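Asks: This is the structure I have questions about; it appears just below.
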Amino acid sequence: MRYQEQILFFISACTLIYFAYENGYDNIKNRYRGVQGGIIFICMMGSLKSYDGPIKRFQGFWRFMFWLGVCYNAFLIFLIFQNESEARQLMKLGDDSLGRSVTKDMHTYDDNCEFELVNIVDNLDHYFLLHCLNWFLLAFLLRDAWLLNFWQIFDEVIELSWQHILPHFRECWWDHVLLDVLIGNTLFVFLGLWVSKKLGIEQFDWLGRKDKSFTQWLVWHDYKYFAAAFGTWLAVTINFLTGFFLMNQLWVPPKCWMVSYRLFVWFGMGVLSWQEQWNDLKGNQDQSGQCRYLVVWTLFAETFISIKFLKDAGNIQYVDTPYYISIPWIATMVISSVVYLIMRVKNKRVQRVKVK
């Protein structure tokens, strides 16, 4: 995103945080402010420089997906201005069965960890099918086998890191290894990549593998490649976590159609955003940041709801995070940020020397 767009995003986010946390239990006033926030967001999206879209084929469909993402964001912003009780009851407008707390004794995946066929089959439920579909669609978004395989291993690290808060992440060892890594992740990642190649869709290289030598990859030398790879990892991580937090904060059970709807909206926004990022990375000077702005704002809005509506959430454990979990995460974020800044300064100096 351009600097002026980044400044606009920062000011908008700070303003929203201030006014959203000032709301009380006057539902009429909260709804009024929520509608105002949604309108302002739509106007902000319209103010950004836009093009016909980063994908040349099926332009009408991709424009529809973009504005569907805008509508989704406007709804999230409306919810942000409500209190937790009102927001959960408003979800009943889409499904009458909602508005009731998600039970804390729902099925987890470490109930029976004996390595037996009956236990394995018992874990092949709706969530496993949704898990496979998610990886199939993610392959269409990222289109890089190296990055996808790194992420599918790191996905299990995320579950292990957050299982003390989200009981739904508790799994048996064979669930992590067999159902997730070997079947649900690897198989459907390569299936998605194979289908995308058969359809003639451009493949990405987020690590800049211009040489077989690991140390010569551009991701270790070019700050743009590093930012693209690190930003992709961070965005997918936040998206993965907020998907579970939103279900609990808004009292939406895993089988509700809204879970699949969110996945569909994110697929459309993701395809546009990462294609836009790739075009920008390859030096397309005529590339807008509109789709990326939408994705960043969606991540921000979902994270905000996940934090604000923690009170009386569903299947969540209110416990402190152990230091052996929090410290590595913090260190990873800090070190990655420092590496990016060093690489950026170094690359800028090299560019100035070349110009002279």
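Naming scheme: A, B, ... for chains in displayed order of the structure tokens; residues 1 onward per chain; ligands 1 onward as shown.
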Looking only at the backbone, which of the residues in region 22-234 of chain A does DSSP tag as helix (DSSP H, G or I), as a PyMOL selection string?

Replies: chain A and resi 27-47+59-80+84-93+117-122+126-142+145-162+167-169+173-198+214-216+218-220+223-234

Asks: My list of candidates is A:Asn134, A:Asn30, A:Ser101, A:Gln36. Which is closest to Ser260 (chain A) when distances are computed with only C-alpha atoms?

Replies: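 So, comparing all the options, the nearest one is A:Asn134.
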
Asks: Skipping near chain neighbours, those fewer than 4 positions away, what residues fall within 8 Å of Arg31 (chain A) using only C-alpha atoms, listed as an mmCIF file with all heavy atoms, in the first residue's frame?

Replies:
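The result, written out as part_10.cif:
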```cif
data_model
loop_
_atom_site.group_PDB
_atom_site.id
_atom_site.type_symbol
_atom_site.label_atom_id
_atom_site.label_comp_id
_atom_site.auth_asym_id
_atom_site.auth_seq_id
_atom_site.Cartn_x
_atom_site.Cartn_y
_atom_site.Cartn_z
ATOM 1 N N ASN A 27 -28.624 0.532 22.984
ATOM 2 C CA ASN A 27 -28.581 -0.191 21.720
ATOM 3 C C ASN A 27 -28.927 0.676 20.527
ATOM 4 O O ASN A 27 -28.371 0.506 19.433
ATOM 5 C CB ASN A 27 -29.526 -1.403 21.784
ATOM 6 C CG ASN A 27 -29.054 -2.440 22.783
ATOM 7 O OD1 ASN A 27 -27.860 -2.531 23.086
ATOM 8 N ND2 ASN A 27 -29.975 -3.233 23.301
ATOM 9 N N VAL A 35 -23.966 2.024 11.916
ATOM 10 C CA VAL A 35 -24.314 2.341 10.529
ATOM 11 C C VAL A 35 -23.395 3.437 9.999
ATOM 12 O O VAL A 35 -22.914 3.368 8.858
ATOM 13 C CB VAL A 35 -25.794 2.774 10.424
ATOM 14 C CG1 VAL A 35 -26.094 3.327 9.038
ATOM 15 C CG2 VAL A 35 -26.711 1.597 10.729
ATOM 16 N N PHE A 78 -20.155 -2.596 11.826
ATOM 17 C CA PHE A 78 -21.415 -2.372 12.537
ATOM 18 C C PHE A 78 -21.420 -3.145 13.856
ATOM 19 O O PHE A 78 -21.823 -2.617 14.901
ATOM 20 C CB PHE A 78 -22.590 -2.814 11.666
ATOM 21 C CG PHE A 78 -23.925 -2.667 12.327
ATOM 22 C CD1 PHE A 78 -24.563 -1.436 12.380
ATOM 23 C CD2 PHE A 78 -24.551 -3.763 12.920
ATOM 24 C CE1 PHE A 78 -25.798 -1.287 13.002
ATOM 25 C CE2 PHE A 78 -25.778 -3.632 13.547
ATOM 26 C CZ PHE A 78 -26.395 -2.393 13.591
ATOM 27 N N PHE A 81 -19.416 -1.667 16.929
ATOM 28 C CA PHE A 81 -20.000 -0.587 17.711
ATOM 29 C C PHE A 81 -21.092 -1.070 18.661
ATOM 30 O O PHE A 81 -21.666 -0.270 19.403
ATOM 31 C CB PHE A 81 -20.571 0.489 16.782
ATOM 32 C CG PHE A 81 -19.519 1.387 16.202
ATOM 33 C CD1 PHE A 81 -18.917 1.070 14.995
ATOM 34 C CD2 PHE A 81 -19.111 2.522 16.868
ATOM 35 C CE1 PHE A 81 -17.939 1.886 14.454
ATOM 36 C CE2 PHE A 81 -18.138 3.351 16.340
ATOM 37 C CZ PHE A 81 -17.546 3.032 15.129
ATOM 38 N N GLN A 82 -21.407 -2.356 18.654
ATOM 39 C CA GLN A 82 -22.398 -2.903 19.568
ATOM 40 C C GLN A 82 -21.705 -3.440 20.817
ATOM 41 O O GLN A 82 -20.503 -3.653 20.837
ATOM 42 C CB GLN A 82 -23.201 -4.030 18.894
ATOM 43 C CG GLN A 82 -23.675 -3.725 17.472
ATOM 44 C CD GLN A 82 -24.398 -2.414 17.358
ATOM 45 O OE1 GLN A 82 -25.336 -2.143 18.106
ATOM 46 N NE2 GLN A 82 -23.979 -1.573 16.415
#
```

Asks: What does the distance between CA of Tyr32 (chain A) and CA of Leu16 (chain A) come to in Å, to one decimal place?

Replies: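 These atoms are spaced 14.1 Å apart.
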
Asks: Please report the interatomic distance between CA of Leu79 (chain A) and CA of Lys311 (chain A) in Å with one decimal.

Replies: 15.0 Å

Asks: What does the distance from CA of Asn112 (chain A) to CA of Cys172 (chain A) come to in Å, to one decimal?

Replies: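 Computing the Euclidean distance for CA of Asn112 (chain A) and CA of Cys172 (chain A) yields 7.8 Å.
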
Asks: What lies within 8 Å of Ala301 (chain A) using only C-alpha atoms, ignoring chain neighbours under 5 positions off, as an NGL selection string?

Replies: :A and (73 or 76-77 or 80)

Asks: I need the chosen residues saved as a PDB file, in the first residue's frame, with N, CA, C and O atoms.

Replies:
```
ATOM      1  N   ASN A  73     -17.110  -6.476   5.524  1.00  0.00           N
ATOM      2  CA  ASN A  73     -16.406  -5.564   6.417  1.00  0.00           C
ATOM      3  C   ASN A  73     -17.343  -4.539   7.028  1.00  0.00           C
ATOM      4  O   ASN A  73     -17.215  -4.195   8.212  1.00  0.00           O
ATOM      5  N   LEU A  76     -19.010  -6.191   9.829  1.00  0.00           N
ATOM      6  CA  LEU A  76     -18.109  -6.330  10.974  1.00  0.00           C
ATOM      7  C   LEU A  76     -17.983  -5.007  11.734  1.00  0.00           C
ATOM      8  O   LEU A  76     -17.989  -4.986  12.972  1.00  0.00           O
ATOM      9  N   ILE A  77     -17.866  -3.916  10.997  1.00  0.00           N
ATOM     10  CA  ILE A  77     -17.736  -2.609  11.636  1.00  0.00           C
ATOM     11  C   ILE A  77     -19.012  -2.260  12.394  1.00  0.00           C
ATOM     12  O   ILE A  77     -18.960  -1.688  13.496  1.00  0.00           O
ATOM     13  N   ILE A  80     -18.849  -4.038  15.599  1.00  0.00           N
ATOM     14  CA  ILE A  80     -17.850  -3.477  16.500  1.00  0.00           C
ATOM     15  C   ILE A  80     -18.444  -2.420  17.420  1.00  0.00           C
ATOM     16  O   ILE A  80     -18.063  -2.298  18.582  1.00  0.00           O
TER      17      ILE A  80
END
```

Asks: Closest to Pro328 (chain A) among A:Thr237, A:Ser161, A:Gly268, A:Arg88, using only C-alpha atoms?

Replies: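 Closest to Pro328 (chain A) of all the choices is A:Ser161.
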
Asks: Name all residues at most 10 Å from region 177-180 of chain A (count only C-alpha atoms; drop same-chain ones fewer than 4 positions away) and give them as a PDB file with N, CA, C and O atoms, in the first residue's frame.

Replies:
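Produced file result.pdb, reproduced below:
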```
ATOM      1  N   ILE A 120     -10.153 -42.933  14.770  1.00  0.00           N
ATOM      2  CA  ILE A 120      -9.776 -42.145  13.601  1.00  0.00           C
ATOM      3  C   ILE A 120     -11.019 -41.755  12.802  1.00  0.00           C
ATOM      4  O   ILE A 120     -11.195 -40.595  12.408  1.00  0.00           O
ATOM      5  N   ASN A 123     -13.139 -38.915  14.166  1.00  0.00           N
ATOM      6  CA  ASN A 123     -12.643 -37.558  13.957  1.00  0.00           C
ATOM      7  C   ASN A 123     -12.820 -37.060  12.526  1.00  0.00           C
ATOM      8  O   ASN A 123     -12.506 -35.904  12.228  1.00  0.00           O
ATOM      9  N   LEU A 124     -13.315 -37.911  11.638  1.00  0.00           N
ATOM     10  CA  LEU A 124     -13.578 -37.495  10.259  1.00  0.00           C
ATOM     11  C   LEU A 124     -14.968 -36.881  10.174  1.00  0.00           C
ATOM     12  O   LEU A 124     -15.882 -37.412   9.551  1.00  0.00           O
ATOM     13  N   PHE A 128     -13.390 -31.707   9.675  1.00  0.00           N
ATOM     14  CA  PHE A 128     -12.305 -32.258   8.875  1.00  0.00           C
ATOM     15  C   PHE A 128     -12.536 -31.967   7.396  1.00  0.00           C
ATOM     16  O   PHE A 128     -11.602 -31.608   6.669  1.00  0.00           O
ATOM     17  N   HIS A 131     -11.838 -28.444   6.853  1.00  0.00           N
ATOM     18  CA  HIS A 131     -10.386 -28.292   6.944  1.00  0.00           C
ATOM     19  C   HIS A 131      -9.735 -28.617   5.598  1.00  0.00           C
ATOM     20  O   HIS A 131      -8.859 -27.868   5.122  1.00  0.00           O
ATOM     21  N   CYS A 132     -10.165 -29.697   4.971  1.00  0.00           N
ATOM     22  CA  CYS A 132      -9.620 -30.088   3.664  1.00  0.00           C
ATOM     23  C   CYS A 132      -9.955 -29.050   2.596  1.00  0.00           C
ATOM     24  O   CYS A 132      -9.106 -28.681   1.770  1.00  0.00           O
ATOM     25  N   GLN A 152       1.636 -25.355   6.399  1.00  0.00           N
ATOM     26  CA  GLN A 152       0.839 -26.472   6.892  1.00  0.00           C
ATOM     27  C   GLN A 152       1.504 -27.151   8.086  1.00  0.00           C
ATOM     28  O   GLN A 152       0.816 -27.719   8.925  1.00  0.00           O
ATOM     29  N   ILE A 153       2.831 -27.077   8.185  1.00  0.00           N
ATOM     30  CA  ILE A 153       3.509 -27.556   9.389  1.00  0.00           C
ATOM     31  C   ILE A 153       3.328 -26.553  10.521  1.00  0.00           C
ATOM     32  O   ILE A 153       3.042 -26.919  11.674  1.00  0.00           O
ATOM     33  N   ASP A 155       0.940 -24.565  10.930  1.00  0.00           N
ATOM     34  CA  ASP A 155      -0.456 -24.600  11.354  1.00  0.00           C
ATOM     35  C   ASP A 155      -0.636 -25.486  12.587  1.00  0.00           C
ATOM     36  O   ASP A 155      -1.414 -25.173  13.497  1.00  0.00           O
ATOM     37  N   GLU A 156       0.094 -26.581  12.628  1.00  0.00           N
ATOM     38  CA  GLU A 156       0.022 -27.467  13.793  1.00  0.00           C
ATOM     39  C   GLU A 156       0.678 -26.816  15.009  1.00  0.00           C
ATOM     40  O   GLU A 156       0.246 -27.016  16.142  1.00  0.00           O
ATOM     41  N   CYS A 172      -5.167 -35.495  19.273  1.00  0.00           N
ATOM     42  CA  CYS A 172      -4.259 -36.617  19.521  1.00  0.00           C
ATOM     43  C   CYS A 172      -3.057 -36.492  18.580  1.00  0.00           C
ATOM     44  O   CYS A 172      -3.133 -35.841  17.539  1.00  0.00           O
ATOM     45  N   TRP A 173      -1.969 -37.175  18.932  1.00  0.00           N
ATOM     46  CA  TRP A 173      -0.765 -37.070  18.119  1.00  0.00           C
ATOM     47  C   TRP A 173      -1.010 -37.563  16.701  1.00  0.00           C
ATOM     48  O   TRP A 173      -0.507 -36.974  15.725  1.00  0.00           O
ATOM     49  N   GLY A 184      -5.181 -34.110   5.384  1.00  0.00           N
ATOM     50  CA  GLY A 184      -5.919 -32.864   5.252  1.00  0.00           C
ATOM     51  C   GLY A 184      -5.097 -31.713   4.705  1.00  0.00           C
ATOM     52  O   GLY A 184      -5.615 -30.857   3.996  1.00  0.00           O
ATOM     53  N   ASN A 185      -3.810 -31.678   5.002  1.00  0.00           N
ATOM     54  CA  ASN A 185      -2.966 -30.573   4.560  1.00  0.00           C
ATOM     55  C   ASN A 185      -2.244 -30.894   3.253  1.00  0.00           C
ATOM     56  O   ASN A 185      -2.538 -30.315   2.205  1.00  0.00           O
ATOM     57  N   THR A 186      -1.278 -31.815   3.318  1.00  0.00           N
ATOM     58  CA  THR A 186      -0.419 -32.091   2.162  1.00  0.00           C
ATOM     59  C   THR A 186      -1.208 -32.539   0.939  1.00  0.00           C
ATOM     60  O   THR A 186      -0.995 -32.027  -0.164  1.00  0.00           O
ATOM     61  N   LEU A 187      -2.112 -33.484   1.123  1.00  0.00           N
ATOM     62  CA  LEU A 187      -2.859 -34.026  -0.016  1.00  0.00           C
ATOM     63  C   LEU A 187      -3.662 -32.939  -0.726  1.00  0.00           C
ATOM     64  O   LEU A 187      -3.625 -32.810  -1.948  1.00  0.00           O
TER      65      LEU A 187
END
```

Asks: Go through A:Gly231, A:Gly314, A:Gly60, A:Gly289 and flag the residue nearest Ser337 (chain A), using only C-alpha atoms for the distances.

Replies: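 Looking at the shortest contact to Ser337 (chain A), the residue is A:Gly231.
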